[in-house]
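What follows is a short report on a single structure.
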2 protein chains.
Amino acid sequence: MSIQGFNPRTGAAVGEPIPKTTAAEVAALCTRAQAAFAVWSVTSREARALALDKVAAALDAATGELAAIADSETALGLPRLNGEIKRTSNQLRLFAGVLREGSYVEATLDSADASIVPPRPELRRMLQPLGPVAVFAASNFPFAFSVAGGDTASALAAGCSVVVKAHQAHPQTSLATARVVAQALADAGAPDGIFALVFGTDAGVQLIQNPAIKAGGFTGSTHGGRALFDLASARPEPIPFYGELGSINPTVILPGAAAERGAEIAQGYAQSLTLGVGQFCTNPGLTFAPAPLVAALAAAVDQSTGGAMLTARMRDAYVAGTSTLAASAERVAEGAAAADTAFGATPQLFRVDFAKFAADVEKYTEECFGPAGLVVAYDDVERVLDLLPRLPGSLTASVQAAASDAPIAARAADALRRIAGRVVYNAWPTGVAVAWGMQHGGPWPSTTNPLHTSVGATSIRRWLAPIAFQSWPDSLLPSELQDANPSRIPRRRDGVLGQH
Amino acid sequence: MSIQGFNPRTGAAVGEPIPKTTAAEVAALCTRAQAAFAVWSVTSREARALALDKVAAALDAATGELAAIADSETALGLPRLNGEIKRTSNQLRLFAGVLREGSYVEATLDSADASIVPPRPELRRMLQPLGPVAVFAASNFPFAFSVAGGDTASALAAGCSVVVKAHQAHPQTSLATARVVAQALADAGAPDGIFALVFGTDAGVQLIQNPAIKAGGFTGSTHGGRALFDLASARPEPIPFYGELGSINPTVILPGAAAERGAEIAQGYAQSLTLGVGQFCTNPGLTFAPAPLVAALAAAVDQSTGGAMLTARMRDAYVAGTSTLAASAERVAEGAAAADTAFGATPQLFRVDFAKFAADVEKYTEECFGPAGLVVAYDDVERVLDLLPRLPGSLTASVQAAASDAPIAARAADALRRIAGRVVYNAWPTGVAVAWGMQHGGPWPSTTNPLHTSVGATSIRRWLAPIAFQSWPDSLLPSELQDANPSRIPRRRDGVLGQH
């Protein structure tokens, strides 16, 4: 009845086991989150921004300690982990900026007009926080998609309280991060119960079913995400559940690009495929390449080195996944094994002919999480273009093109924008910027809801619901809707956007 | 195996029975809708706006014919039906305006910045249409929430194709409206398959389960909406399903208002309660009133007159619902019966003491569709304020207040904005304007998804998903994301909103 982390390099236990959260504890934390929501949801945007700034500063200050714990539980290495903590604190700062800018509330003011059909009363509309949010942390980003990650940051920014279900792959990291976050929020005057952490699969199930919880966010496997989505949808009061699940992230290497810079493409591909031992949701799992380029791709993967995967279970799943691939495709490359890796995995490249792939798309597009790639060798790019709409939904889709490929690249983009949330040109999909314009989402099975993103400024929209005030006296309205626009936020007034 | 409409005044059949759509026909229509989507989704915003304008003009031109058919199937009367058609065409025009203004695509341009953590590539993000949409028409608005209603208008505007499941209460109206819509769309050059109509419950089930359909919109009962939501969520590829379901629309009459203008409030209440034989989703079903005001409310309802409900089944449900109310509350008023109403119903007012209500909120907050109201007689307004958070989610919540009530009104608003999508001050909830600032939605059970609205400009957001283009050449981008901003739409550039 406890959660134990392990060192992926040695297989040894890390720290003391952490007791699973009991059903009674989960229920009590949800009740506290509900009480905190009543306060936090009406706290000013500026006060919430200051609190996010404080959490960001606290994470920065604790970087050395947090990265060391995380390295012992994940083997991701200090350079990556230091960078990920910085990414996580910058993400909190982005949302502080979103709050101060204020347009995310979509303030809309319509004056009355009795002459139209139907007559229009005075209407003032904005977005407001939805309620307490359950966040299910991911394994592969122990900071950026975990306890203090994007779901938590955007939900706190929105004005929601948060209960996080820790990922069992890094329990000590989760606990240490939660202490930093909770202390910084308390220092900022946020209400008691605004943020809590639970451990254990059962606790996660109880969390998503608790009536106080009004939405869920998740990053992880298709299987786990679908199970939680089903629970959220089947509640007496169904709630939105935003799961970011599996993704094969197709890349199409066009003929001109392959001819012009095949070697560079092969290098970039192998780097992207093997980065972080391939443990990215944006890992380029499926690649369409002109048949002559496959040898260069294989050579680049042959020269790569593996590493330790996050958990023994993930390594076992990778071994099983690559065995399945080997049964229906040709293994054309394998990287070297790394030393000192109890949960070690090697990069592998598989090849299949286009015709064989096209005959059984479903079989060849199962995600194999880790540094394994499938390259589909093609002769006729027209047939590739025709096939793209049959691919499953992905977070990203990429095109490698030369200037001479432009007409084909445009047609590829037309197809790929229907099956992926982000379409990449002459770059690799790994690396997800934290920005206003980021989209990290896509059609099923990459997410449970294609309308949203889990990264970037607009991910806050997941935790907000509209409210309209009809004919209320100005003094009784939220400040964002008052006539004078006291905080000077962008608003729509009688249909026109402006700072009025 | 056919659908037959009836005249609610006489009970006689209207027109010929219409065959139910077969499973094979539904499948074929969905395939055609998918093919149409490929074309319509990349049709320019201006071309789509022109098509909506054409549909609006065609509905206006057909008003006489359509209203006559609808009156025979619904008994709603020509003045109301003429107005509803105008409302429906104006709704289409609103969306034409939304398309031309262009900010709904949320165009966002971020320039590259290699100096930040993580580094940011050039990103350009916008919203794009989701796919073919299934629309389930309502019974109570044969135009505004039916074949050519808000769901259809917003989905077509978004760039989606639409398959409508007609409501069995007005099949001839549905068929006639669909002919007008389809002809106008064809005249505007919209692709074949852009719009279709199906009949029958089984056809509706097949529709929401068809893999080509990517979202659903529904207005109707909690029971029917929940069943379709469950089907949509349980698909191998779950899809968003926006159901607008039941709503009791609480009104709180504050002591100062009751003292100052009790008679006027009673008149307004009875009018709102009995309008359209109470067949509005925003009907004020539950009212909190100072105990002394109940007599005036009862007197006003006593003077009202009933009418024909839309179907025999709805009338039967109303009779059953008012019997249930009569078993646990006191019937204090009943309006007169109307002449010539085969499916007739009378307005009724029920009274319950606050303490009794508070002891069993769930029992007293079941929606009873039709002109029945429950008034909760209170002595202590503080206890009413404390109780408001326990009410189920509603589309609207209203407050009647005098100037002296301001502090209580503010506290009522704080509570009501958590349980309703639109909060009304010194007005009645019936009447839903078509505007930028309208919110027609709310927490469960008033909808299946509190993030959205089914009326107003932003209802288009339900049918849109984000797409980000990373580092694409300008010439290969959609015009909304090109550097020069050729159609001069509002965009966010490096975080700043403007026309740039």
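Letters for chains follow the order of the structure tokens (A, B, ...), residue numbers begin at 1 for each chain, and ligand numbers begin at 1 in the order shown.
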
Exercise. Taking only C-alpha atoms into account, which residues of chain B are within 6 Å of chain A, as a list in words?
Worked result: Arg87, Thr108, Asp110, Val117, Pro118, Arg120, Leu123, Arg124, Arg125, Ala410, Gly421, Arg422, Val423, Val424, Tyr425, Ala433, Gly437, Gln439, Pro450, Leu451, Ala465, Ile467, Ala468, Phe469, Gln470, Ser471, Trp472 and Leu476 of chain B

Serialized selection, C-alpha atoms, as a short mmCIF file (atom, residue, chain, number, x, y, z; two decimals), in the first residue's frame:
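Output file out29.cif is given in full below:
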data_model
loop_
_atom_site.label_atom_id
_atom_site.label_comp_id
_atom_site.auth_asym_id
_atom_site.auth_seq_id
_atom_site.Cartn_x
_atom_site.Cartn_y
_atom_site.Cartn_z
CA ARG B 87 -34.72 35.61 -35.61
CA THR B 108 -1.79 34.11 -33.39
CA ASP B 110 4.81 34.23 -32.63
CA VAL B 117 13.89 28.33 -22.37
CA PRO B 118 12.62 26.33 -24.16
CA ARG B 120 10.66 29.18 -29.55
CA LEU B 123 4.60 29.57 -34.66
CA ARG B 124 1.36 30.56 -36.38
CA ARG B 125 -1.85 29.27 -34.90
CA ALA B 410 -24.48 41.34 -5.13
CA GLY B 421 -24.80 30.63 -17.58
CA ARG B 422 -26.72 33.91 -17.67
CA VAL B 423 -27.63 36.00 -14.66
CA VAL B 424 -30.50 38.43 -15.19
CA TYR B 425 -31.24 41.60 -13.21
CA ALA B 433 -30.94 37.52 -27.75
CA GLY B 437 -22.36 38.67 -25.59
CA GLN B 439 -24.43 32.97 -23.13
CA PRO B 450 -20.36 24.13 -19.44
CA LEU B 451 -17.54 25.62 -21.57
CA ALA B 465 -10.09 23.06 -33.36
CA ILE B 467 -3.90 24.12 -35.67
CA ALA B 468 -0.36 25.49 -35.39
CA PHE B 469 2.01 25.90 -38.33
CA GLN B 470 5.66 25.84 -37.33
CA SER B 471 8.22 27.57 -39.59
CA TRP B 472 6.19 27.30 -42.82
CA LEU B 476 2.08 27.97 -48.03
#

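The list of residues with at least one atom within 12 Å of Ala320 (chain A), based on only C-alpha atoms and without residues fewer than 5 positions apart in the same chain, reads Arg313, Met314, Arg315, Leu325, Ala326, Ala327, Ala345, Glu367, Cys368, Phe369, Gly370 and Ala372 of chain A.
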
For this session: Write down as a PyMOL selection string the residues of region 351-386 of chain B whose backbone DSSP state falls under strand (DSSP E or B).
Result: chain B and resi 351-353+372-378

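With only C-alpha atoms as the atoms that count, the minimum distance from Arg48 (chain B) to the choices B:Arg93, B:Arg32, B:Lys20, B:Arg235 is reached by B:Arg93.
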
For this session: Pick out the residues sitting within 10 Å of Asp71 (chain A), and hand them over as a ChimeraX atom specification; count only C-alpha atoms, and ignore anything fewer than 4 positions along from it in its own chain.
Result: /A:7-9,66-67,75-82,142,170,173

Write the selection just made, keeping N, CA and C atoms, as a PDB file, in the first residue's frame?
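Produced file part33.pdb, reproduced below:
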ATOM      1  N   ASN A   7      15.682   3.865  -9.162  1.00  0.00           N
ATOM      2  CA  ASN A   7      16.693   4.498  -9.999  1.00  0.00           C
ATOM      3  C   ASN A   7      16.846   3.705 -11.294  1.00  0.00           C
ATOM      4  N   PRO A   8      16.522   4.316 -12.434  1.00  0.00           N
ATOM      5  CA  PRO A   8      16.558   3.581 -13.703  1.00  0.00           C
ATOM      6  C   PRO A   8      17.970   3.141 -14.099  1.00  0.00           C
ATOM      7  N   ARG A   9      18.980   3.750 -13.503  1.00  0.00           N
ATOM      8  CA  ARG A   9      20.350   3.354 -13.833  1.00  0.00           C
ATOM      9  C   ARG A   9      20.754   2.088 -13.090  1.00  0.00           C
ATOM     10  N   LEU A  66      15.785  19.886  -6.505  1.00  0.00           N
ATOM     11  CA  LEU A  66      14.758  19.157  -7.267  1.00  0.00           C
ATOM     12  C   LEU A  66      15.376  18.334  -8.399  1.00  0.00           C
ATOM     13  N   ALA A  67      16.327  18.922  -9.107  1.00  0.00           N
ATOM     14  CA  ALA A  67      16.929  18.211 -10.237  1.00  0.00           C
ATOM     15  C   ALA A  67      17.672  16.967  -9.754  1.00  0.00           C
ATOM     16  N   ALA A  75      16.731   9.317 -14.286  1.00  0.00           N
ATOM     17  CA  ALA A  75      17.951   9.174 -15.096  1.00  0.00           C
ATOM     18  C   ALA A  75      17.944  10.066 -16.329  1.00  0.00           C
ATOM     19  N   LEU A  76      17.192  11.144 -16.288  1.00  0.00           N
ATOM     20  CA  LEU A  76      17.160  12.022 -17.463  1.00  0.00           C
ATOM     21  C   LEU A  76      18.378  12.935 -17.531  1.00  0.00           C
ATOM     22  N   GLY A  77      19.174  13.002 -16.452  1.00  0.00           N
ATOM     23  CA  GLY A  77      20.402  13.795 -16.495  1.00  0.00           C
ATOM     24  C   GLY A  77      20.164  15.219 -16.040  1.00  0.00           C
ATOM     25  N   LEU A  78      21.169  15.782 -15.380  1.00  0.00           N
ATOM     26  CA  LEU A  78      20.992  17.115 -14.803  1.00  0.00           C
ATOM     27  C   LEU A  78      20.808  18.227 -15.837  1.00  0.00           C
ATOM     28  N   PRO A  79      21.545  18.207 -16.961  1.00  0.00           N
ATOM     29  CA  PRO A  79      21.336  19.326 -17.924  1.00  0.00           C
ATOM     30  C   PRO A  79      19.878  19.402 -18.374  1.00  0.00           C
ATOM     31  N   ARG A  80      19.313  18.267 -18.786  1.00  0.00           N
ATOM     32  CA  ARG A  80      17.910  18.232 -19.207  1.00  0.00           C
ATOM     33  C   ARG A  80      16.995  18.650 -18.057  1.00  0.00           C
ATOM     34  N   LEU A  81      17.240  18.154 -16.867  1.00  0.00           N
ATOM     35  CA  LEU A  81      16.318  18.430 -15.757  1.00  0.00           C
ATOM     36  C   LEU A  81      16.403  19.885 -15.303  1.00  0.00           C
ATOM     37  N   ASN A  82      17.622  20.440 -15.271  1.00  0.00           N
ATOM     38  CA  ASN A  82      17.742  21.873 -14.964  1.00  0.00           C
ATOM     39  C   ASN A  82      16.966  22.708 -15.976  1.00  0.00           C
ATOM     40  N   PRO A 142       9.161  15.101 -15.563  1.00  0.00           N
ATOM     41  CA  PRO A 142       8.896  15.121 -14.113  1.00  0.00           C
ATOM     42  C   PRO A 142       8.599  16.518 -13.574  1.00  0.00           C
ATOM     43  N   HIS A 170       7.986   8.928 -10.355  1.00  0.00           N
ATOM     44  CA  HIS A 170       8.890   9.861  -9.652  1.00  0.00           C
ATOM     45  C   HIS A 170       8.207  10.433  -8.405  1.00  0.00           C
ATOM     46  N   THR A 173      10.268  13.116  -6.319  1.00  0.00           N
ATOM     47  CA  THR A 173      10.285  14.375  -7.066  1.00  0.00           C
ATOM     48  C   THR A 173       8.938  15.078  -6.914  1.00  0.00           C
TER      49      THR A 173
END

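For the set A:Asp405, A:Phe141, A:Ser487, A:Leu197, the residue with the smallest atom-to-atom gap to Gly276 (chain A) is A:Phe141, counting only C-alpha atoms.
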
Neighbouring residues of region 350-354 of chain A were defined as those with any atom within 9 Å, considering only C-alpha atoms; residues of the same chain fewer than 4 positions away were excluded. Please report them as a compact mmCIF listing (two decimals) with C-alpha atoms, in the first residue's frame.
# COMPACT_ATOMS: atom_id res chain seq x y z
CA PHE A 288 7.78 8.35 -44.98
CA ALA A 291 13.41 4.37 -50.65
CA VAL A 294 16.49 4.60 -45.87
CA ALA A 298 19.62 3.51 -40.76
CA THR A 322 9.81 -3.53 -30.84
CA LEU A 325 7.39 -4.33 -35.04
CA ALA A 326 10.12 -6.86 -35.86
CA SER A 328 5.99 -7.30 -39.50
CA ALA A 329 8.83 -4.97 -40.54
CA GLU A 330 12.53 -5.29 -41.17
CA ARG A 331 14.86 -4.10 -38.41
CA VAL A 332 17.45 -2.05 -40.34
CA ALA A 333 19.36 -0.36 -37.51
CA ALA A 358 -0.85 0.87 -46.97
CA ALA A 359 -2.44 -2.56 -46.80
CA ALA A 372 11.92 3.12 -32.06
CA GLY A 373 11.09 4.43 -35.50
CA LEU A 374 9.27 2.93 -38.45
CA VAL A 375 10.30 4.19 -41.87
CA VAL A 376 7.93 3.63 -44.77
CA ALA A 377 9.98 3.44 -47.96
CA TYR A 378 8.11 4.96 -50.90
CA ASP A 379 8.67 5.33 -54.62
CA ARG A 383 0.52 7.67 -53.18
CA VAL A 384 1.88 8.96 -49.88

Give the helix (DSSP H, G or I) residues of region 256-359 of chain A, as assigned by DSSP on the backbone, as a PDB file with C-alpha atoms, in the first residue's frame.
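See part_27.pdb below for the written result:
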ATOM      1  CA  GLY A 256      13.624  17.159 -53.307  1.00  0.00           C
ATOM      2  CA  ALA A 257      14.659  17.446 -49.678  1.00  0.00           C
ATOM      3  CA  ALA A 258      16.024  13.904 -49.646  1.00  0.00           C
ATOM      4  CA  ALA A 259      18.091  14.617 -52.742  1.00  0.00           C
ATOM      5  CA  GLU A 260      19.343  17.996 -51.555  1.00  0.00           C
ATOM      6  CA  ARG A 261      20.261  17.259 -47.931  1.00  0.00           C
ATOM      7  CA  GLY A 262      19.725  13.582 -47.199  1.00  0.00           C
ATOM      8  CA  ALA A 263      22.642  13.297 -44.786  1.00  0.00           C
ATOM      9  CA  GLU A 264      21.536  16.304 -42.714  1.00  0.00           C
ATOM     10  CA  ILE A 265      17.985  14.974 -42.575  1.00  0.00           C
ATOM     11  CA  ALA A 266      19.226  11.565 -41.432  1.00  0.00           C
ATOM     12  CA  GLN A 267      21.259  13.185 -38.628  1.00  0.00           C
ATOM     13  CA  GLY A 268      18.333  15.342 -37.492  1.00  0.00           C
ATOM     14  CA  TYR A 269      15.990  12.396 -37.575  1.00  0.00           C
ATOM     15  CA  ALA A 270      18.198  10.159 -35.440  1.00  0.00           C
ATOM     16  CA  GLN A 271      18.721  12.967 -32.926  1.00  0.00           C
ATOM     17  CA  SER A 272      14.996  13.629 -32.606  1.00  0.00           C
ATOM     18  CA  LEU A 273      14.171   9.903 -32.415  1.00  0.00           C
ATOM     19  CA  THR A 274      16.659   9.159 -29.641  1.00  0.00           C
ATOM     20  CA  LEU A 275      16.433  12.385 -27.595  1.00  0.00           C
ATOM     21  CA  GLY A 276      15.558  11.559 -23.970  1.00  0.00           C
ATOM     22  CA  VAL A 277      15.591   7.847 -24.917  1.00  0.00           C
ATOM     23  CA  GLY A 278      12.665   8.575 -27.212  1.00  0.00           C
ATOM     24  CA  ALA A 291      13.415   4.370 -50.648  1.00  0.00           C
ATOM     25  CA  PRO A 292      17.014   5.402 -51.409  1.00  0.00           C
ATOM     26  CA  LEU A 293      17.174   7.518 -48.219  1.00  0.00           C
ATOM     27  CA  VAL A 294      16.493   4.598 -45.867  1.00  0.00           C
ATOM     28  CA  ALA A 295      20.145   3.546 -45.805  1.00  0.00           C
ATOM     29  CA  ALA A 296      21.217   6.988 -44.544  1.00  0.00           C
ATOM     30  CA  LEU A 297      18.513   6.984 -41.856  1.00  0.00           C
ATOM     31  CA  ALA A 298      19.620   3.513 -40.759  1.00  0.00           C
ATOM     32  CA  ALA A 299      23.266   4.551 -40.636  1.00  0.00           C
ATOM     33  CA  ALA A 300      22.428   7.517 -38.412  1.00  0.00           C
ATOM     34  CA  VAL A 301      20.370   5.382 -36.003  1.00  0.00           C
ATOM     35  CA  ASP A 302      23.147   2.759 -35.961  1.00  0.00           C
ATOM     36  CA  ALA A 312      11.078  -1.152 -15.722  1.00  0.00           C
ATOM     37  CA  ARG A 313       7.505  -1.382 -16.980  1.00  0.00           C
ATOM     38  CA  MET A 314       8.105   1.126 -19.759  1.00  0.00           C
ATOM     39  CA  ARG A 315      11.265  -0.699 -20.776  1.00  0.00           C
ATOM     40  CA  ASP A 316       9.298  -3.986 -20.861  1.00  0.00           C
ATOM     41  CA  ALA A 317       6.594  -2.365 -22.993  1.00  0.00           C
ATOM     42  CA  TYR A 318       9.312  -1.064 -25.336  1.00  0.00           C
ATOM     43  CA  VAL A 319      10.804  -4.544 -25.686  1.00  0.00           C
ATOM     44  CA  ALA A 320       7.359  -5.946 -26.441  1.00  0.00           C
ATOM     45  CA  GLY A 321       6.568  -3.120 -28.897  1.00  0.00           C
ATOM     46  CA  THR A 322       9.809  -3.535 -30.845  1.00  0.00           C
ATOM     47  CA  SER A 323       9.246  -7.312 -30.993  1.00  0.00           C
ATOM     48  CA  THR A 324       5.843  -6.708 -32.512  1.00  0.00           C
ATOM     49  CA  LEU A 325       7.395  -4.327 -35.042  1.00  0.00           C
ATOM     50  CA  ALA A 326      10.121  -6.857 -35.857  1.00  0.00           C
ATOM     51  CA  ALA A 327       7.457  -9.419 -36.703  1.00  0.00           C
ATOM     52  CA  SER A 328       5.989  -7.299 -39.499  1.00  0.00           C
ATOM     53  CA  PHE A 354       4.834   1.527 -48.790  1.00  0.00           C
ATOM     54  CA  ALA A 355       2.491  -1.085 -50.310  1.00  0.00           C
ATOM     55  CA  LYS A 356       2.726  -3.333 -47.273  1.00  0.00           C
ATOM     56  CA  PHE A 357       2.121  -0.369 -44.951  1.00  0.00           C
ATOM     57  CA  ALA A 358      -0.854   0.870 -46.970  1.00  0.00           C
ATOM     58  CA  ALA A 359      -2.438  -2.560 -46.800  1.00  0.00           C
TER      59      ALA A 359
END

For this session: Give me the residues within 7 Å of Ile194 (chain A) as an MDAnalysis selection string, counting only C-alpha atoms and dropping any in the same chain fewer than 4 places off.
Result: chainID A and resid 33 36:37 161:162 190

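Put simply, CA of Ser404 (chain B) is 9.1 Å away from CA of Pro255 (chain B).
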
For this session: Please provide as a ChimeraX atom specification all residues within 8 Å of Leu207 (chain B), with the sequence filter that same-chain residues fewer than 3 positions apart are discarded (counting only C-alpha atoms).
Result: /B:26-27,30,134,203-204,210,213

Exercise. Excluding same-chain residues fewer than 5 positions from Ala35 (chain A), what lies within 10 Å of it counting only C-alpha atoms, as a list in words?
Worked result: Leu29, Cys30, Trp40, Pro132, Ser161, Pro191, Asp192, Gly193, Ile194 and Ala212 of chain A

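Taking only C-alpha atoms into account, Glu73 (chain A) lies nearest to A:Phe343 out of the set A:Tyr364, A:Phe136, A:Phe343, A:Phe145.
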
Problem set entry | For Asp360 (chain A), the nearest of the candidates A:Ile18, A:Glu334, A:Ser221, A:Leu391, counting only C-alpha atoms | A:Leu391
